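Below: one structure, written as structure tokens.
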Amino acid sequence: MSDGVQAQESPRVAQSAQPLLQVDAVRKEYDRSGSVGRFRRAPKERFVAVDDVSLTISAGETLSVVGESGSGKSTLGRMILGLTEPTSGSILFDGDDITHRDARRRRELTREIQVVFQDPYSSLDPRQRIEDIIREPLDIHGIGTVAERRQRVADVMEQVALSERMRRFFPHQLSGGLRQRVCIASALVVRPKLIVADEPVSALDVSVQAQILDLFEEVQRRTSVALLFISHDLGVVRQISDRVAVMRRGEIVETGPIDDVFERPTHPYTRSLLSAIPPADPDLPFQPVFYDEAVS
Amino acid sequence: MTTLLTVDGLAVRYAGSRRPSISNISLQLAEGEVLGVVGESGSGKTTLGLSLLSLLPAGAEMSGSILFDGQQIVGAPERAVRPLRGTRLSTIVQNPATALNPSFSIGSQMTALLRRHKKISRADAHTLAIDWLARVGIGEPENRMRSYAHQLSGGMNQRVVIAMALALSPRLVIADEPTSALDVTVQAAILGLLKDLIADSGSSMLLITHDLGVVAQMCDSVAVMKDGAMTESGPVRQIFHSPQTAYTRQLLAAQPSHAASSPAALQNEVVR
């Protein structure tokens, strides 16, 4: 932490002109009809999962995308990861257009853009040892010699506070929190520029959640990796983000620095979301304001 | 206030397990009281709820005492406990989709429940079911009677489950993470509904949750569980404002708060 002037943005955020990731008017439509009734020629019905979403992330920054189920936040993450293609709009990464990527480009990009998913139980190969899981991205990309790979695995394991003796463990021998550390280690091992984390702490107990959030912050202090943090949990988002984008029904309804959005929400949906969280203090008032006429 | 439930030295050990899953649990619940049971996964809070309902899996051993409404649950034969469930003792589970039968309409499940326990005609049961759906905030209840669980949202299903849990005016409702699977805005609506209905009915509730916000807003008293033991219990304000154990303090500190410095929080600091 540098002394003196308090920067308005987080100090680790690079103040370069060009953002690391620039998502521009991205839209994703799904065909709603036809998939079930294959013999029925229903009129084409389109479902808009993500509707003209634009956002930027700078190096070292944490942008959270917060929203309820069906808001399109995960679809947005999947488009950035290249797991699904946008219907229209563009995605620029480091100045390159990565909206449509072929197999080779997709593979190259997995070095730069990594992912951490919600469920550390299903995202780890149960038959591989921890060190093999973490090393696998290095093998795939042919990074370093055998000795260098081993050293790199040891380094990231230390970075995520996995003890050395766990190298030879299998995932089932680890708790949920430790497994999520393994997932983070295997994301970090290739030194990505961006990590997309989709609900990475939602499956964990609160005390473990807090540790994993601290870990993300620590990792960012050390590596200046950018983080796109997808979550439904406003408390978690408040703790980890520099900026936040609030999504509802495929659209970003409000975006801004985290404290501004949480302290002075301008969109009624954001206000409704914030008011819906029961305060963990019996003396604080709980007066949820509902945005929709029918909330459930 | 009259005591409705007294648990004394309760221990449960599952079949094939050497260590008890919960042990030495003692608590009291007064009529109309809402008691929150908090803890992390594996703390034994769900096991506690299941033992009160006497719904532990086969082979599980229960010892100690559970005195509910004058009746001993521990060691009681199934035929003695069964008449309690649904009537004087009911439950709301986390996932309403699994609590409802997928192959029967909402209406037929509700009327079956009502007719099973009340001596009323089919027509009266139908009217009463519609009335309950309306009370839990389901729009167009007459039409919803014909719906199936998969046609309703998670929040709607949970409203139906709440209606079924409360329809027979139970003395005690055991709600195990009733809103954990729901979006926050839906959760807020369901919590409000549950609070009002419980207050109106005069029922007691045992609310099992990992969410301290839910506890703070819903409960009169709190029991904190860790590793199968009850580490602390007391009135809700005492637990939140002057926790006695390090574990409770740790739980409170780990709770991520969106309102760390919100105007409401600041205001409250001044008031206190």
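Chain identifiers are assigned as A, B, and so on, following the order in which chains appear in the structure tokens; residues are numbered from 1 within each chain, and ligands are numbered from 1 in order of appearance.
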| said: Could you work out which residues of chain A fall inside 9 Å of chain B? Count only C-alpha atoms, and format the result as a ChimeraX atom specification. | reply: /A:68-69,204-211,232-239,262-263,272-291,294-296
| task | Tell me, as a list in words, which residues lie within 9 Å of Arg13 in chain B, counting only C-alpha atoms; anything in the same chain fewer than 5 positions away does not count. | result |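 The neighbour list is Arg18, Arg19, Pro20, Ser21, Ile22, Ser23, Gly59, Ala60, Glu61, Met62 and Ser63 of chain B.
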| query | Can you list, as a list in words, every protein, DNA or RNA residue that comes within 6 Å of Gly64 in chain B when you count only C-alpha atoms, leaving out same-chain residues fewer than 2 positions away? | reply |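 Skipping anything fewer than 2 positions along the chain leaves Asp8, Gly9 and Leu10 of chain B.
For Thr6 in chain B, the residues within 6 Å (counting only C-alpha atoms, excluding itself and residues fewer than 6 positions away along the chain) are Leu27, Gln28, Ile66 and Leu67 of chain B.
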| Which polymer residues have any atom within 10 Å of an atom of Thr99 in chain A, counting only C-alpha atoms, with same-chain residues fewer than 4 positions away left out, as a ChimeraX atom specification? | /A:23-24,26,79-82,84-93
| request: Among the residues of range 62-271 of chain A, find those DSSP assigns to strand (DSSP E) from the backbone and print them as number ranges by chain. | output: A: 62-66, 88-93, 96-97, 113-116, 194-198, 226-231, 243-248, 251-257
| request: Please identify all polymer residues within 8 Å of Val201 in chain A, counting only C-alpha atoms, omitting same-chain residues fewer than 4 positions from it, and present them as JSON, numbers by chain. | output: {"A": [118, 209, 212, 213]}
| remark: Counting only C-alpha atoms, the residue among A:Lys73, A:Arg165, A:His141, A:Arg101 that lies closest to Arg249 in chain A is A:Lys73
| message | Taking 4 positions as the minimum chain separation for residues in the same chain, which residues sit within 8 Å of Asn95 in chain B when counting only C-alpha atoms? Answer as a ChimeraX atom specification. | response | /B:99,158,178,181
| In range 172-254 of chain A, what's alpha helix (DSSP H) per DSSP? Answer as a PyMOL selection string? | chain A and resi 176-188+206-223+234-240
Put those residues in a file: N, CA, C and O atoms, as a short mmCIF file (atom, residue, chain, number, x, y, z; two decimals), in the first residue's frame.
```
data_model
loop_
_atom_site.label_atom_id
_atom_site.label_comp_id
_atom_site.auth_asym_id
_atom_site.auth_seq_id
_atom_site.Cartn_x
_atom_site.Cartn_y
_atom_site.Cartn_z
N GLY A 176 -14.80 -28.31 0.75
CA GLY A 176 -15.24 -27.41 -0.31
C GLY A 176 -14.35 -26.18 -0.46
O GLY A 176 -13.99 -25.79 -1.57
N GLY A 177 -13.95 -25.60 0.66
CA GLY A 177 -13.09 -24.41 0.62
C GLY A 177 -11.73 -24.72 0.02
O GLY A 177 -11.21 -23.96 -0.80
N LEU A 178 -11.16 -25.86 0.42
CA LEU A 178 -9.85 -26.25 -0.12
C LEU A 178 -9.95 -26.57 -1.61
O LEU A 178 -9.07 -26.23 -2.40
N ARG A 179 -11.04 -27.22 -1.99
CA ARG A 179 -11.23 -27.52 -3.42
C ARG A 179 -11.31 -26.23 -4.22
O ARG A 179 -10.78 -26.15 -5.33
N GLN A 180 -12.01 -25.23 -3.67
CA GLN A 180 -12.11 -23.97 -4.42
C GLN A 180 -10.72 -23.33 -4.52
O GLN A 180 -10.40 -22.71 -5.53
N ARG A 181 -9.87 -23.53 -3.52
CA ARG A 181 -8.49 -23.04 -3.63
C ARG A 181 -7.75 -23.75 -4.76
O ARG A 181 -6.94 -23.16 -5.47
N VAL A 182 -8.04 -25.05 -4.92
CA VAL A 182 -7.42 -25.80 -6.02
C VAL A 182 -7.88 -25.21 -7.37
O VAL A 182 -7.07 -25.00 -8.28
N CYS A 183 -9.17 -24.93 -7.48
CA CYS A 183 -9.70 -24.34 -8.72
C CYS A 183 -9.02 -22.99 -9.00
O CYS A 183 -8.67 -22.69 -10.14
N ILE A 184 -8.85 -22.20 -7.96
CA ILE A 184 -8.21 -20.88 -8.14
C ILE A 184 -6.76 -21.06 -8.54
O ILE A 184 -6.25 -20.38 -9.42
N ALA A 185 -6.08 -22.03 -7.91
CA ALA A 185 -4.68 -22.28 -8.25
C ALA A 185 -4.54 -22.70 -9.71
O ALA A 185 -3.65 -22.23 -10.43
N SER A 186 -5.45 -23.57 -10.18
CA SER A 186 -5.30 -24.04 -11.56
C SER A 186 -5.70 -22.94 -12.54
O SER A 186 -5.30 -22.95 -13.70
N ALA A 187 -6.50 -21.96 -12.08
CA ALA A 187 -6.78 -20.80 -12.94
C ALA A 187 -5.56 -19.89 -12.99
O ALA A 187 -5.23 -19.33 -14.03
N LEU A 188 -4.87 -19.75 -11.85
CA LEU A 188 -3.75 -18.80 -11.76
C LEU A 188 -2.47 -19.31 -12.40
O LEU A 188 -1.59 -18.53 -12.77
N VAL A 206 -20.24 -19.38 5.28
CA VAL A 206 -19.81 -17.98 5.37
C VAL A 206 -18.37 -17.79 5.81
O VAL A 206 -17.65 -16.95 5.26
N SER A 207 -17.92 -18.58 6.79
CA SER A 207 -16.55 -18.35 7.27
C SER A 207 -15.55 -18.76 6.20
O SER A 207 -14.49 -18.13 6.05
N VAL A 208 -15.88 -19.79 5.42
CA VAL A 208 -15.01 -20.22 4.33
C VAL A 208 -15.09 -19.20 3.18
O VAL A 208 -14.09 -18.86 2.55
N GLN A 209 -16.30 -18.70 2.95
CA GLN A 209 -16.50 -17.63 1.96
C GLN A 209 -15.55 -16.48 2.19
O GLN A 209 -14.88 -16.01 1.27
N ALA A 210 -15.51 -16.04 3.46
CA ALA A 210 -14.67 -14.89 3.80
C ALA A 210 -13.22 -15.17 3.46
O ALA A 210 -12.51 -14.30 2.94
N GLN A 211 -12.77 -16.40 3.73
CA GLN A 211 -11.37 -16.75 3.43
C GLN A 211 -11.09 -16.72 1.93
O GLN A 211 -10.04 -16.26 1.49
N ILE A 212 -12.04 -17.23 1.14
CA ILE A 212 -11.84 -17.28 -0.31
C ILE A 212 -11.86 -15.86 -0.89
O ILE A 212 -11.08 -15.53 -1.79
N LEU A 213 -12.73 -15.02 -0.36
CA LEU A 213 -12.77 -13.63 -0.83
C LEU A 213 -11.45 -12.93 -0.51
O LEU A 213 -10.90 -12.19 -1.34
N ASP A 214 -10.94 -13.17 0.70
CA ASP A 214 -9.63 -12.61 1.07
C ASP A 214 -8.56 -13.10 0.10
O ASP A 214 -7.67 -12.34 -0.29
N LEU A 215 -8.67 -14.37 -0.27
CA LEU A 215 -7.68 -14.95 -1.18
C LEU A 215 -7.71 -14.23 -2.54
O LEU A 215 -6.67 -13.88 -3.09
N PHE A 216 -8.91 -14.02 -3.07
CA PHE A 216 -9.03 -13.30 -4.34
C PHE A 216 -8.35 -11.92 -4.25
O PHE A 216 -7.64 -11.49 -5.16
N GLU A 217 -8.59 -11.23 -3.14
CA GLU A 217 -8.01 -9.89 -2.97
C GLU A 217 -6.49 -9.95 -2.90
O GLU A 217 -5.79 -9.15 -3.51
N GLU A 218 -6.03 -10.95 -2.16
CA GLU A 218 -4.58 -11.15 -2.01
C GLU A 218 -3.93 -11.44 -3.37
O GLU A 218 -2.89 -10.90 -3.72
N VAL A 219 -4.59 -12.31 -4.13
CA VAL A 219 -4.09 -12.68 -5.45
C VAL A 219 -3.99 -11.44 -6.33
O VAL A 219 -3.01 -11.22 -7.05
N GLN A 220 -5.00 -10.60 -6.26
CA GLN A 220 -4.99 -9.40 -7.10
C GLN A 220 -3.89 -8.43 -6.69
O GLN A 220 -3.29 -7.79 -7.54
N ARG A 221 -3.66 -8.31 -5.39
CA ARG A 221 -2.59 -7.44 -4.94
C ARG A 221 -1.26 -7.90 -5.54
O ARG A 221 -0.42 -7.09 -5.89
N ARG A 222 -1.13 -9.22 -5.65
CA ARG A 222 0.17 -9.75 -6.09
C ARG A 222 0.31 -9.87 -7.59
O ARG A 222 1.43 -9.86 -8.11
N THR A 223 -0.80 -10.04 -8.31
CA THR A 223 -0.66 -10.36 -9.73
C THR A 223 -1.29 -9.37 -10.69
O THR A 223 -1.09 -9.47 -11.89
N LEU A 234 -25.24 -9.82 -2.68
CA LEU A 234 -24.82 -8.42 -2.61
C LEU A 234 -23.77 -8.18 -1.53
O LEU A 234 -22.91 -7.32 -1.67
N GLY A 235 -23.84 -8.93 -0.45
CA GLY A 235 -22.87 -8.77 0.62
C GLY A 235 -21.47 -9.13 0.14
O GLY A 235 -20.50 -8.42 0.38
N VAL A 236 -21.39 -10.23 -0.58
CA VAL A 236 -20.12 -10.70 -1.13
C VAL A 236 -19.59 -9.69 -2.16
O VAL A 236 -18.41 -9.33 -2.16
N VAL A 237 -20.50 -9.20 -3.00
CA VAL A 237 -20.12 -8.25 -4.04
C VAL A 237 -19.57 -6.96 -3.43
O VAL A 237 -18.56 -6.42 -3.87
N ARG A 238 -20.22 -6.51 -2.37
CA ARG A 238 -19.78 -5.28 -1.72
C ARG A 238 -18.35 -5.43 -1.22
O ARG A 238 -17.54 -4.51 -1.27
N GLN A 239 -18.06 -6.62 -0.74
CA GLN A 239 -16.77 -6.83 -0.12
C GLN A 239 -15.63 -6.87 -1.13
O GLN A 239 -14.53 -6.42 -0.86
N ILE A 240 -15.91 -7.37 -2.34
CA ILE A 240 -14.79 -7.68 -3.23
C ILE A 240 -14.62 -6.73 -4.40
O ILE A 240 -13.56 -6.67 -5.01
#
```
| said: When you count only C-alpha atoms, which of these residues is closest to Thr270 in chain A: A:Gly72, A:Phe229, A:Gly67, A:Leu194? | reply: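 Closest to Thr270 in chain A of all the choices is A:Gly67.
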| Can you tell me how far CA of Val65 in chain A sits from CA of Met157 in chain A, in Å to one decimal? | 27.8 Å
| CA of Ala103 in chain A to CA of Val225 in chain A: how many Å, to one decimal? | 24.2 Å
| said: As an exercise, work out the distance from CA of Val37 in chain B to CA of Leu55 in chain B in Å and give it to one decimal place. | reply: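 Distance reported for this atom pair: 17.9 Å.
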